[in-house]
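Since the structure comes first, as structure tokens, the remarks are kept for the end.
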Amino acid sequence: MTPKEKQQPTPQKKERPHLLSYLVILFSAAFLLLLMSYFMQQRRNDQQVIDGLQQSMSAMKTTQNAIERNRVLMEENEALKEQLSALEEQAESAAAQQVKQEKTVLALDYLWRIEREYFQGRYTSARSLIRAFEEAGLEDFLPEDPISDPDYRSPAQQYESIYNLLF
């Protein structure tokens, strides 16, 4: 080799420093892009976590509201059941009172018919009415107190006196 050839650097050796710096720049840029991508992904994940927590909180509030509404409805239901029971008792009481009043009216009607037959002298007919009256079990429904005049006998006393006269 000649000294001239030794002095001239080979083109491969000159390009190597440029190639190395180019590779370092490319790797640095790639690393920066990867780092930016990582931070963006982390931010997106954090936002998703926050959104998920907000949805969970919203769902929990909705559930709590539904539970509260359910509790209120159950309390109202219990109150309505109690009212229904009270009204059913009142209805039963009213029905029993109505039956008692109907039997009292029937008993007073029998007494009136028995007295009419007795005072018209039809004693056999009055006795048959008394038997029908007793078979119907209406003696207990005659009022024990006078109806209109407090000084006069009660319907139960009137029935008893006619019964004693006929039997």
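Every chain in the structure tokens takes a letter, A first, then B, and so on in the order presented; its residues are numbered from 1, and the ligands are numbered from 1 following the presented order.
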
Residues within 12 Å of Arg131 (chain A), please, as a ChimeraX atom specification. Count only C-alpha atoms; anything in the same chain fewer than 5 positions from it doesn't count. /A:110-111,114,124-126,136-139,163,166-167

Please, what distance in Å, to one decimal, runs between CA of Ala156 (chain A) and CA of Glu144 (chain A)?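 Pair CA of Ala156 (chain A) / CA of Glu144 (chain A) returns 5.5 Å.
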
In Å to one decimal, how far is CA of Met60 (chain A) from CA of Asn45 (chain A)?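 Computing it gives 22.0 Å between the two atoms.
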
Run DSSP on the backbone of this structure and report the residues of chain A it assigns to alpha helix (DSSP H), as a ChimeraX atom specification. /A:3-7,11-119,123-135,155-166

Quick one: distance from CA of Asp149 (chain A) to CA of Ser93 (chain A) in Å, one decimal?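 So the answer is 29.0 Å.
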
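Using only C-alpha atoms for every distance, the candidate list A:Gln42, A:Gln158, A:Asn77, A:Ser28 yields A:Gln158 as the residue closest to Tyr118 (chain A).
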